[in-house]
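Content type PDB, C-alpha atoms, from the file coords39.pdb:
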```pdb
ATOM      1  CA  ALA H   1     -10.197  25.056  32.632
ATOM      2  CA  MET H   2     -13.933  24.943  33.392
ATOM      3  CA  LYS H   3     -13.591  27.694  36.000
ATOM      4  CA  GLY H   4     -11.813  29.896  33.493
ATOM      5  CA  LEU H   5     -14.151  29.138  30.606
ATOM      6  CA  LYS H   6     -14.515  32.510  28.892
ATOM      7  CA  LYS H   7     -15.061  31.715  25.250
ATOM      8  CA  GLY H   8     -15.518  28.847  22.860
ATOM      9  CA  ARG H   9     -18.142  27.146  20.770
ATOM     10  CA  LEU H  10     -20.624  24.372  21.421
ATOM     11  CA  LYS H  11     -22.328  22.678  18.471
ATOM     12  CA  LEU H  12     -25.420  20.649  19.299
ATOM     13  CA  ALA H  13     -27.835  18.708  17.123
ATOM     14  CA  CYS H  14     -31.144  17.461  18.474
ATOM     15  CA  VAL H  15     -34.186  15.648  17.174
ATOM     16  CA  THR H  16     -37.305  17.765  16.698
ATOM     17  CA  THR H  17     -39.102  16.712  19.892
ATOM     18  CA  ALA H  18     -36.159  17.931  21.999
ATOM     19  CA  LYS H  19     -37.015  21.510  21.041
ATOM     20  CA  TYR H  20     -39.709  21.387  23.733
ATOM     21  CA  PHE H  21     -37.199  21.231  26.590
ATOM     22  CA  LEU H  22     -33.606  21.666  25.372
ATOM     23  CA  PRO H  23     -33.647  25.484  25.077
ATOM     24  CA  ARG H  24     -34.767  25.658  28.735
ATOM     25  CA  LEU H  25     -31.850  23.454  29.754
ATOM     26  CA  LEU H  26     -29.396  25.540  27.732
ATOM     27  CA  GLY H  27     -30.536  28.805  29.323
ATOM     28  CA  PRO H  28     -28.639  28.394  32.620
ATOM     29  CA  PHE H  29     -25.525  27.181  30.758
ATOM     30  CA  CYS H  30     -25.570  30.249  28.489
ATOM     31  CA  ASP H  31     -26.100  32.536  31.510
ATOM     32  CA  ARG H  32     -23.148  30.968  33.306
ATOM     33  CA  TYR H  33     -20.869  31.050  30.238
ATOM     34  CA  PRO H  34     -21.957  34.097  28.184
ATOM     35  CA  GLY H  35     -18.817  33.950  26.038
ATOM     36  CA  ILE H  36     -19.673  30.507  24.658
ATOM     37  CA  ASP H  37     -21.222  30.552  21.203
ATOM     38  CA  VAL H  38     -23.907  27.848  21.135
ATOM     39  CA  ARG H  39     -25.222  26.531  17.837
ATOM     40  CA  LEU H  40     -28.293  24.283  17.908
ATOM     41  CA  GLU H  41     -29.396  22.312  14.865
ATOM     42  CA  VAL H  42     -32.918  20.830  15.066
ATOM     43  CA  ALA H  43     -33.747  18.033  12.608
ATOM     44  CA  ASN H  44     -35.504  14.682  12.406
ATOM     45  CA  ARG H  45     -33.726  11.641  13.807
ATOM     46  CA  GLU H  46     -32.472  10.451  10.435
ATOM     47  CA  ALA H  47     -30.745  13.777   9.755
ATOM     48  CA  VAL H  48     -29.269  13.888  13.277
ATOM     49  CA  VAL H  49     -27.859  10.366  12.862
ATOM     50  CA  GLU H  50     -26.297  11.455   9.540
ATOM     51  CA  ARG H  51     -24.723  14.454  11.278
ATOM     52  CA  LEU H  52     -23.367  12.088  13.955
ATOM     53  CA  ALA H  53     -21.882   9.823  11.273
ATOM     54  CA  ARG H  54     -20.110  12.823   9.729
ATOM     55  CA  GLY H  55     -19.012  14.205  13.092
ATOM     56  CA  GLU H  56     -20.526  17.632  12.427
ATOM     57  CA  ASP H  57     -21.373  18.503  16.028
ATOM     58  CA  ASP H  58     -20.003  18.123  19.548
ATOM     59  CA  LEU H  59     -23.091  16.529  21.112
ATOM     60  CA  TYR H  60     -26.336  14.992  19.878
ATOM     61  CA  ILE H  61     -29.631  14.788  21.775
ATOM     62  CA  MET H  62     -31.972  11.911  20.870
ATOM     63  CA  THR H  63     -34.119   9.148  22.313
ATOM     64  CA  SER H  64     -33.050   6.265  20.070
ATOM     65  CA  PRO H  65     -29.279   6.349  19.569
ATOM     66  CA  PRO H  66     -28.059   4.271  16.612
ATOM     67  CA  GLN H  67     -26.843   0.813  17.599
ATOM     68  CA  HIS H  68     -24.447   0.354  14.680
ATOM     69  CA  PHE H  69     -22.100   3.257  15.552
ATOM     70  CA  ASP H  70     -19.202   3.523  17.972
ATOM     71  CA  ILE H  71     -20.821   6.015  20.328
ATOM     72  CA  ALA H  72     -20.777   7.107  23.932
ATOM     73  CA  MET H  73     -24.144   7.984  25.404
ATOM     74  CA  ARG H  74     -25.745   8.924  28.672
ATOM     75  CA  ALA H  75     -29.418   9.070  29.588
ATOM     76  CA  PHE H  76     -30.322  12.351  31.286
ATOM     77  CA  LEU H  77     -34.108  12.785  31.145
ATOM     78  CA  GLU H  78     -37.157  10.517  31.018
ATOM     79  CA  ASN H  79     -39.230  10.522  27.826
ATOM     80  CA  PRO H  80     -42.598   8.850  28.376
ATOM     81  CA  LEU H  81     -44.708   8.296  25.253
ATOM     82  CA  VAL H  82     -48.459   8.657  25.746
ATOM     83  CA  PRO H  83     -51.498   7.765  23.605
ATOM     84  CA  ILE H  84     -53.931  10.569  22.746
ATOM     85  CA  ALA H  85     -57.203  10.836  20.834
ATOM     86  CA  PRO H  86     -59.592  13.602  19.798
ATOM     87  CA  GLY H  87     -61.668  15.009  22.648
ATOM     88  CA  GLY H  88     -64.913  13.068  23.043
ATOM     89  CA  HIS H  89     -63.461   9.944  21.388
ATOM     90  CA  PRO H  90     -65.300   6.756  22.532
ATOM     91  CA  LEU H  91     -62.048   5.249  23.884
ATOM     92  CA  ALA H  92     -61.418   8.278  26.131
ATOM     93  CA  ALA H  93     -63.953   6.999  28.694
ATOM     94  CA  GLN H  94     -62.518   3.454  28.788
ATOM     95  CA  ALA H  95     -59.833   1.995  31.050
ATOM     96  CA  ASN H  96     -57.161  -0.602  30.247
ATOM     97  CA  ILE H  97     -57.757  -0.454  26.505
ATOM     98  CA  PRO H  98     -56.056  -3.445  24.859
ATOM     99  CA  GLN H  99     -53.254  -2.500  22.472
ATOM    100  CA  ALA H 100     -54.915  -4.492  19.678
ATOM    101  CA  ARG H 101     -58.083  -2.410  20.115
ATOM    102  CA  PHE H 102     -56.131   0.864  20.107
ATOM    103  CA  ALA H 103     -54.255  -0.214  16.964
ATOM    104  CA  LYS H 104     -57.566  -0.589  15.071
ATOM    105  CA  GLU H 105     -58.170   3.167  15.259
ATOM    106  CA  ARG H 106     -57.062   5.538  12.488
ATOM    107  CA  MET H 107     -53.419   5.749  13.503
ATOM    108  CA  LEU H 108     -51.416   8.914  12.906
ATOM    109  CA  LEU H 109     -47.679   8.256  13.089
ATOM    110  CA  ARG H 110     -44.545  10.323  12.838
ATOM    111  CA  GLU H 111     -42.470   9.894   9.693
ATOM    112  CA  ARG H 112     -40.285   6.821   9.165
ATOM    113  CA  GLY H 113     -36.992   7.151  11.033
ATOM    114  CA  SER H 114     -38.549   9.181  13.868
ATOM    115  CA  GLY H 115     -37.462   8.026  17.328
ATOM    116  CA  THR H 116     -41.053   8.074  18.560
ATOM    117  CA  ARG H 117     -42.204   5.945  15.661
ATOM    118  CA  LEU H 118     -39.358   3.459  16.123
ATOM    119  CA  ALA H 119     -40.251   3.003  19.807
ATOM    120  CA  VAL H 120     -43.987   2.638  19.138
ATOM    121  CA  GLU H 121     -43.522   0.169  16.269
ATOM    122  CA  ARG H 122     -41.080  -1.892  18.354
ATOM    123  CA  MET H 123     -43.544  -2.101  21.249
ATOM    124  CA  PHE H 124     -46.490  -3.185  19.096
ATOM    125  CA  ARG H 125     -44.325  -5.669  17.176
ATOM    126  CA  GLU H 126     -43.154  -7.254  20.452
ATOM    127  CA  GLN H 127     -46.802  -7.658  21.487
ATOM    128  CA  GLY H 128     -47.699  -9.225  18.120
ATOM    129  CA  VAL H 129     -50.011  -6.334  17.237
ATOM    130  CA  GLU H 130     -50.080  -5.060  13.665
ATOM    131  CA  LEU H 131     -49.802  -1.301  13.467
ATOM    132  CA  LYS H 132     -50.830   0.476  10.276
ATOM    133  CA  ALA H 133     -50.223   4.161   9.698
ATOM    134  CA  ARG H 134     -53.310   5.804   8.249
ATOM    135  CA  MET H 135     -51.359   9.029   7.938
ATOM    136  CA  GLU H 136     -47.698   9.989   8.367
ATOM    137  CA  ILE H 137     -46.950  13.436   9.761
ATOM    138  CA  SER H 138     -43.448  14.845  10.207
ATOM    139  CA  SER H 139     -44.094  17.309  13.029
ATOM    140  CA  ASN H 140     -45.392  17.030  16.580
ATOM    141  CA  GLU H 141     -47.315  20.285  16.215
ATOM    142  CA  ALA H 142     -49.040  19.065  13.058
ATOM    143  CA  ILE H 143     -49.821  15.678  14.576
ATOM    144  CA  LYS H 144     -51.422  17.325  17.649
ATOM    145  CA  GLN H 145     -53.551  19.493  15.371
ATOM    146  CA  ALA H 146     -54.531  16.431  13.328
ATOM    147  CA  VAL H 147     -55.669  14.640  16.495
ATOM    148  CA  ALA H 148     -57.546  17.733  17.696
ATOM    149  CA  GLY H 149     -59.186  17.892  14.264
ATOM    150  CA  GLY H 150     -60.502  14.352  14.604
ATOM    151  CA  LEU H 151     -58.242  12.705  12.023
ATOM    152  CA  GLY H 152     -57.161   9.872  14.308
ATOM    153  CA  VAL H 153     -55.211   8.780  17.384
ATOM    154  CA  THR H 154     -51.478   8.791  18.031
ATOM    155  CA  VAL H 155     -48.683   8.170  20.499
ATOM    156  CA  ILE H 156     -46.641  11.264  21.294
ATOM    157  CA  SER H 157     -43.854  12.325  23.637
ATOM    158  CA  GLN H 158     -45.234  13.727  26.860
ATOM    159  CA  GLN H 159     -42.725  16.587  26.451
ATOM    160  CA  ALA H 160     -44.571  17.633  23.292
ATOM    161  CA  LEU H 161     -47.732  18.016  25.395
ATOM    162  CA  ALA H 162     -46.134  19.456  28.532
ATOM    163  CA  LEU H 163     -46.294  23.105  27.537
ATOM    164  CA  GLU H 164     -49.977  22.955  26.692
ATOM    165  CA  PRO H 165     -52.219  20.983  29.021
ATOM    166  CA  MET H 166     -54.829  18.644  27.617
ATOM    167  CA  THR H 167     -57.701  20.628  26.158
ATOM    168  CA  GLN H 168     -61.196  19.554  25.249
ATOM    169  CA  ASP H 169     -59.846  18.911  21.725
ATOM    170  CA  ILE H 170     -57.346  16.242  22.884
ATOM    171  CA  ALA H 171     -57.896  13.401  25.371
ATOM    172  CA  GLY H 172     -55.362  11.106  26.984
ATOM    173  CA  LEU H 173     -56.083   7.387  26.643
ATOM    174  CA  ASP H 174     -55.583   4.576  29.151
ATOM    175  CA  VAL H 175     -53.986   1.964  26.873
ATOM    176  CA  GLU H 176     -52.271  -1.144  28.256
ATOM    177  CA  GLY H 177     -48.489  -0.801  28.307
ATOM    178  CA  PHE H 178     -48.534   3.007  28.333
ATOM    179  CA  PRO H 179     -46.962   5.315  29.075
ATOM    180  CA  LEU H 180     -44.128   3.757  27.145
ATOM    181  CA  GLN H 181     -41.009   4.624  29.117
ATOM    182  CA  GLY H 182     -37.980   5.899  27.280
ATOM    183  CA  ALA H 183     -35.159   8.336  27.894
ATOM    184  CA  TRP H 184     -33.370  11.240  26.290
ATOM    185  CA  HIS H 185     -29.673  10.630  25.672
ATOM    186  CA  VAL H 186     -26.742  12.899  25.102
ATOM    187  CA  VAL H 187     -24.550  11.177  22.491
ATOM    188  CA  HIS H 188     -21.167  11.699  20.892
ATOM    189  CA  ALA H 189     -18.827   9.649  18.736
ATOM    190  CA  GLY H 190     -17.076   7.067  20.900
ATOM    191  CA  ASN H 191     -13.628   7.954  19.582
ATOM    192  CA  LYS H 192     -14.109  11.726  19.833
ATOM    193  CA  GLN H 193     -12.180  13.731  22.416
ATOM    194  CA  LEU H 194     -14.682  16.225  23.761
ATOM    195  CA  SER H 195     -13.726  19.867  24.092
ATOM    196  CA  VAL H 196     -13.805  21.443  27.558
ATOM    197  CA  VAL H 197     -16.976  23.285  26.482
ATOM    198  CA  ALA H 198     -18.707  20.048  25.461
ATOM    199  CA  GLN H 199     -17.612  18.365  28.689
TER     200      GLN H 199
END
```
So that I can check it, write out the structure of this file as structure tokens.
Amino acid sequence: AMKGLKKGRLKLACVTTAKYFLPRLLGPFCDRYPGIDVRLEVANREAVVERLARGEDDLYIMTSPPQHFDIAMRAFLENPLVPIAPGGHPLAAQANIPQARFAKERMLLRERGSGTRLAVERMFREQGVELKARMEISSNEAIKQAVAGGLGVTVISQQALALEPMTQDIAGLDVEGFPLQGAWHVVHAGNKQLSVVAQ
């Protein structure tokens, strides 16, 4: 069936950070199967989890799959989270910055429900470090601009930085426990029979 795959439809939903790499992964698939109609929905994690609950798509791409659903999942790509600060920030010249010291900075965090935020909050909580959001921002692009503009520090997916190398406006930080290792998962409902296209 795969060899004779001429037409069909593939519905994907991914969290916003996946937009930095997923289209590049889909390119070869679309070249190999030009008759397949691919639909890609990009939304925040909360919306993607809701779509999963309703069974709206074939596959879902996320870093923090929900634990309370009957799902099947497979990790397929690393997702390191890295701390960044404005260029010239005093911490940029330091090594092995304690997490408690980093957490005292003006912290810019993704919106509640974001996979990145969930991972960062979990890590700091496990270390007994209180993390307070000075500002919540719902987009990686906006959060990078906020850091470059000197509004604070953040932890961001390395994929969100991969397409544009560090500039003088943004500096990587050497904070204990980072990079925070995570993974991208492809997820589907555990009781769902996948189509040949989705397989």
Using the file's own x, y and z axes, so that the box edges lie along x, y and z, what centre and edge lengths in Å (one decimal) does a box around every listed atom of region 108-114 of chain H get when 3 Å is added on each side? Give it as lines of an AutoDock Vina configuration file.
```
center_x = -44.2
center_y = 8.6
center_z = 11.5
size_x = 20.4
size_y = 9.5
size_z = 10.7
```
Considering only C-alpha atoms, tabulate each residue of region 5-79 of chain H that lies at most 12 Å from region 129-140 of chain H along with its nearest interatomic pair and the corresponding distance in Å to one decimal; arrange the rows by chain and ascending residue number and present them as JSON lines.
```
{"residue": "H:Val15", "atom": "CA", "partner": "H:Ser139", "partner_atom": "CA", "distance": 10.9}
{"residue": "H:Thr16", "atom": "CA", "partner": "H:Ser139", "partner_atom": "CA", "distance": 7.7}
{"residue": "H:Thr17", "atom": "CA", "partner": "H:Asn140", "partner_atom": "CA", "distance": 7.1}
{"residue": "H:Ala18", "atom": "CA", "partner": "H:Asn140", "partner_atom": "CA", "distance": 10.7}
{"residue": "H:Lys19", "atom": "CA", "partner": "H:Asn140", "partner_atom": "CA", "distance": 10.5}
{"residue": "H:Tyr20", "atom": "CA", "partner": "H:Asn140", "partner_atom": "CA", "distance": 10.1}
{"residue": "H:Val42", "atom": "CA", "partner": "H:Ser139", "partner_atom": "CA", "distance": 11.9}
{"residue": "H:Ala43", "atom": "CA", "partner": "H:Ser139", "partner_atom": "CA", "distance": 10.4}
{"residue": "H:Asn44", "atom": "CA", "partner": "H:Ser138", "partner_atom": "CA", "distance": 8.2}
{"residue": "H:Arg45", "atom": "CA", "partner": "H:Ser138", "partner_atom": "CA", "distance": 10.9}
{"residue": "H:Glu46", "atom": "CA", "partner": "H:Ser138", "partner_atom": "CA", "distance": 11.8}
```
Query raised in the report: Do you know which residues are at most 10 Å from region 92-109 of chain H counting only C-alpha atoms, after dropping those on the same chain fewer than 3 positions away, and could you put them as number ranges by chain?
Result: H: 83-89, 112, 114, 116-117, 120-121, 123-124, 127-140, 143-144, 146-147, 150-156, 170-178
Query raised in the report: Taking only C-alpha atoms into account, which of H:Arg122, H:Arg24, H:Arg110, H:Arg39 comes nearest Ala198 (chain H)?
Result: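 Using only C-alpha atoms, Ala198 (chain H) sits closest to H:Arg39.
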What are the nearest atom pairs, with distances in Å to one decimal, for all residues of region 63-172 of chain H that come at most 12 Å from region 185-191 of chain H, using only C-alpha atoms, set out by chain and rising residue number as JSON lines?
```
{"residue": "H:Thr63", "atom": "CA", "partner": "H:His185", "partner_atom": "CA", "distance": 5.8}
{"residue": "H:Ser64", "atom": "CA", "partner": "H:His185", "partner_atom": "CA", "distance": 7.9}
{"residue": "H:Pro65", "atom": "CA", "partner": "H:Val187", "partner_atom": "CA", "distance": 7.4}
{"residue": "H:Pro66", "atom": "CA", "partner": "H:Val187", "partner_atom": "CA", "distance": 9.7}
{"residue": "H:Gln67", "atom": "CA", "partner": "H:Val187", "partner_atom": "CA", "distance": 11.7}
{"residue": "H:His68", "atom": "CA", "partner": "H:Ala189", "partner_atom": "CA", "distance": 11.6}
{"residue": "H:Phe69", "atom": "CA", "partner": "H:Ala189", "partner_atom": "CA", "distance": 7.9}
{"residue": "H:Asp70", "atom": "CA", "partner": "H:Gly190", "partner_atom": "CA", "distance": 5.1}
{"residue": "H:Ile71", "atom": "CA", "partner": "H:Gly190", "partner_atom": "CA", "distance": 3.9}
{"residue": "H:Ala72", "atom": "CA", "partner": "H:Gly190", "partner_atom": "CA", "distance": 4.8}
{"residue": "H:Met73", "atom": "CA", "partner": "H:Val187", "partner_atom": "CA", "distance": 4.3}
{"residue": "H:Arg74", "atom": "CA", "partner": "H:His185", "partner_atom": "CA", "distance": 5.2}
{"residue": "H:Ala75", "atom": "CA", "partner": "H:His185", "partner_atom": "CA", "distance": 4.2}
{"residue": "H:Phe76", "atom": "CA", "partner": "H:His185", "partner_atom": "CA", "distance": 5.9}
{"residue": "H:Leu77", "atom": "CA", "partner": "H:His185", "partner_atom": "CA", "distance": 7.4}
{"residue": "H:Glu78", "atom": "CA", "partner": "H:His185", "partner_atom": "CA", "distance": 9.2}
{"residue": "H:Asn79", "atom": "CA", "partner": "H:His185", "partner_atom": "CA", "distance": 9.8}
{"residue": "H:Gly115", "atom": "CA", "partner": "H:His185", "partner_atom": "CA", "distance": 11.7}
```
Query raised in the report: Which of these, H:Gly55, H:Leu194, H:Phe29, H:Val38, has the shortest distance to Lys11 (chain H) once you count all atoms listed in the file?
Result: H:Val38
Report task. Determine the nearest neighbour of Glu141 (chain H) from the options H:Glu126, H:Val49, H:Leu22, H:Leu161, counting all atoms listed in the file. Result ->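 The closest residue to Glu141 (chain H) is H:Leu161.
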Report task. Rounded to one decimal place, report the CA of Ala47 (chain H)-CA of Pro28 (chain H) distance in Å. Result ->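 Taking CA of Ala47 (chain H) as the start and CA of Pro28 (chain H) as the end point, the length is 27.2 Å.
Taking CA of Ser157 (chain H) as the reference point, CA of Asp57 (chain H) is found at 24.5 Å.
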Because some atoms of region 104-115 of chain H are absent here, can you restore all heavy atoms and send them as a PDB file, in the frame of the given file?
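Here's the written file out-v8.pdb:
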```
ATOM      1  N   LYS H 104     -56.541  -0.565  16.121  1.00  0.00           N
ATOM      2  CA  LYS H 104     -57.566  -0.589  15.071  1.00  0.00           C
ATOM      3  C   LYS H 104     -58.061   0.808  14.704  1.00  0.00           C
ATOM      4  O   LYS H 104     -58.740   0.979  13.699  1.00  0.00           O
ATOM      5  CB  LYS H 104     -58.754  -1.449  15.526  1.00  0.00           C
ATOM      6  CG  LYS H 104     -58.440  -2.924  15.550  1.00  0.00           C
ATOM      7  CD  LYS H 104     -59.642  -3.727  15.990  1.00  0.00           C
ATOM      8  CE  LYS H 104     -59.296  -5.216  16.000  1.00  0.00           C
ATOM      9  NZ  LYS H 104     -60.404  -6.030  16.532  1.00  0.00           N
ATOM     10  N   GLU H 105     -57.749   1.792  15.540  1.00  0.00           N
ATOM     11  CA  GLU H 105     -58.170   3.167  15.259  1.00  0.00           C
ATOM     12  C   GLU H 105     -57.357   3.737  14.095  1.00  0.00           C
ATOM     13  O   GLU H 105     -56.316   3.191  13.722  1.00  0.00           O
ATOM     14  CB  GLU H 105     -57.961   4.038  16.508  1.00  0.00           C
ATOM     15  CG  GLU H 105     -58.879   3.678  17.657  1.00  0.00           C
ATOM     16  CD  GLU H 105     -60.343   3.927  17.326  1.00  0.00           C
ATOM     17  OE1 GLU H 105     -60.672   5.012  16.808  1.00  0.00           O
ATOM     18  OE2 GLU H 105     -61.163   3.033  17.598  1.00  0.00           O
ATOM     19  N   ARG H 106     -57.840   4.849  13.532  1.00  0.00           N
ATOM     20  CA  ARG H 106     -57.062   5.538  12.488  1.00  0.00           C
ATOM     21  C   ARG H 106     -55.797   6.076  13.141  1.00  0.00           C
ATOM     22  O   ARG H 106     -55.846   7.013  13.939  1.00  0.00           O
ATOM     23  CB  ARG H 106     -57.866   6.685  11.891  1.00  0.00           C
ATOM     24  CG  ARG H 106     -58.979   6.239  10.983  1.00  0.00           C
ATOM     25  CD  ARG H 106     -59.684   7.426  10.392  1.00  0.00           C
ATOM     26  NE  ARG H 106     -60.026   8.383  11.464  1.00  0.00           N
ATOM     27  CZ  ARG H 106     -61.114   9.113  11.494  1.00  0.00           C
ATOM     28  NH1 ARG H 106     -61.982   9.056  10.525  1.00  0.00           N
ATOM     29  NH2 ARG H 106     -61.356   9.922  12.496  1.00  0.00           N
ATOM     30  N   MET H 107     -54.669   5.461  12.817  1.00  0.00           N
ATOM     31  CA  MET H 107     -53.419   5.749  13.503  1.00  0.00           C
ATOM     32  C   MET H 107     -52.612   6.802  12.750  1.00  0.00           C
ATOM     33  O   MET H 107     -52.310   6.644  11.568  1.00  0.00           O
ATOM     34  CB  MET H 107     -52.593   4.458  13.631  1.00  0.00           C
ATOM     35  CG  MET H 107     -51.393   4.569  14.520  1.00  0.00           C
ATOM     36  SD  MET H 107     -51.785   4.851  16.271  1.00  0.00           S
ATOM     37  CE  MET H 107     -52.748   3.398  16.670  1.00  0.00           C
ATOM     38  N   LEU H 108     -52.283   7.872  13.448  1.00  0.00           N
ATOM     39  CA  LEU H 108     -51.416   8.914  12.906  1.00  0.00           C
ATOM     40  C   LEU H 108     -50.030   8.677  13.488  1.00  0.00           C
ATOM     41  O   LEU H 108     -49.867   8.598  14.703  1.00  0.00           O
ATOM     42  CB  LEU H 108     -51.917  10.298  13.333  1.00  0.00           C
ATOM     43  CG  LEU H 108     -53.409  10.578  13.134  1.00  0.00           C
ATOM     44  CD1 LEU H 108     -53.760  11.968  13.660  1.00  0.00           C
ATOM     45  CD2 LEU H 108     -53.793  10.456  11.679  1.00  0.00           C
ATOM     46  N   LEU H 109     -49.034   8.537  12.620  1.00  0.00           N
ATOM     47  CA  LEU H 109     -47.679   8.256  13.089  1.00  0.00           C
ATOM     48  C   LEU H 109     -46.704   9.295  12.561  1.00  0.00           C
ATOM     49  O   LEU H 109     -46.920   9.893  11.502  1.00  0.00           O
ATOM     50  CB  LEU H 109     -47.228   6.870  12.631  1.00  0.00           C
ATOM     51  CG  LEU H 109     -47.944   5.667  13.244  1.00  0.00           C
ATOM     52  CD1 LEU H 109     -47.420   4.379  12.629  1.00  0.00           C
ATOM     53  CD2 LEU H 109     -47.767   5.636  14.760  1.00  0.00           C
ATOM     54  N   ARG H 110     -45.630   9.486  13.321  1.00  0.00           N
ATOM     55  CA  ARG H 110     -44.545  10.323  12.838  1.00  0.00           C
ATOM     56  C   ARG H 110     -43.913   9.646  11.621  1.00  0.00           C
ATOM     57  O   ARG H 110     -44.132   8.472  11.343  1.00  0.00           O
ATOM     58  CB  ARG H 110     -43.496  10.518  13.937  1.00  0.00           C
ATOM     59  CG  ARG H 110     -43.925  11.436  15.060  1.00  0.00           C
ATOM     60  CD  ARG H 110     -43.994  12.891  14.616  1.00  0.00           C
ATOM     61  NE  ARG H 110     -42.760  13.330  13.999  1.00  0.00           N
ATOM     62  CZ  ARG H 110     -41.751  13.873  14.658  1.00  0.00           C
ATOM     63  NH1 ARG H 110     -41.826  14.066  15.955  1.00  0.00           N
ATOM     64  NH2 ARG H 110     -40.652  14.241  14.018  1.00  0.00           N
ATOM     65  N   GLU H 111     -43.091  10.404  10.912  1.00  0.00           N
ATOM     66  CA  GLU H 111     -42.470   9.894   9.693  1.00  0.00           C
ATOM     67  C   GLU H 111     -41.514   8.742  10.016  1.00  0.00           C
ATOM     68  O   GLU H 111     -41.057   8.602  11.149  1.00  0.00           O
ATOM     69  CB  GLU H 111     -41.713  11.024   8.982  1.00  0.00           C
ATOM     70  CG  GLU H 111     -40.390  11.410   9.607  1.00  0.00           C
ATOM     71  CD  GLU H 111     -40.491  12.271  10.862  1.00  0.00           C
ATOM     72  OE1 GLU H 111     -41.614  12.531  11.336  1.00  0.00           O
ATOM     73  OE2 GLU H 111     -39.444  12.666  11.386  1.00  0.00           O
ATOM     74  N   ARG H 112     -41.225   7.926   8.997  1.00  0.00           N
ATOM     75  CA  ARG H 112     -40.285   6.821   9.165  1.00  0.00           C
ATOM     76  C   ARG H 112     -38.923   7.372   9.585  1.00  0.00           C
ATOM     77  O   ARG H 112     -38.475   8.384   9.084  1.00  0.00           O
ATOM     78  CB  ARG H 112     -40.136   6.023   7.868  1.00  0.00           C
ATOM     79  CG  ARG H 112     -41.388   5.256   7.517  1.00  0.00           C
ATOM     80  CD  ARG H 112     -41.154   4.258   6.393  1.00  0.00           C
ATOM     81  NE  ARG H 112     -42.387   3.558   6.084  1.00  0.00           N
ATOM     82  CZ  ARG H 112     -42.879   2.543   6.793  1.00  0.00           C
ATOM     83  NH1 ARG H 112     -42.235   2.112   7.836  1.00  0.00           N
ATOM     84  NH2 ARG H 112     -44.009   1.962   6.445  1.00  0.00           N
ATOM     85  N   GLY H 113     -38.284   6.686  10.528  1.00  0.00           N
ATOM     86  CA  GLY H 113     -36.992   7.151  11.033  1.00  0.00           C
ATOM     87  C   GLY H 113     -37.117   7.978  12.299  1.00  0.00           C
ATOM     88  O   GLY H 113     -36.128   8.207  12.985  1.00  0.00           O
ATOM     89  N   SER H 114     -38.327   8.418  12.638  1.00  0.00           N
ATOM     90  CA  SER H 114     -38.549   9.181  13.868  1.00  0.00           C
ATOM     91  C   SER H 114     -38.320   8.273  15.071  1.00  0.00           C
ATOM     92  O   SER H 114     -38.699   7.102  15.066  1.00  0.00           O
ATOM     93  CB  SER H 114     -39.980   9.716  13.873  1.00  0.00           C
ATOM     94  OG  SER H 114     -40.462   9.874  15.185  1.00  0.00           O
ATOM     95  N   GLY H 115     -37.694   8.810  16.118  1.00  0.00           N
ATOM     96  CA  GLY H 115     -37.462   8.026  17.328  1.00  0.00           C
ATOM     97  C   GLY H 115     -38.752   7.568  17.979  1.00  0.00           C
ATOM     98  O   GLY H 115     -38.856   6.436  18.462  1.00  0.00           O
TER      99      GLY H 115
END
```
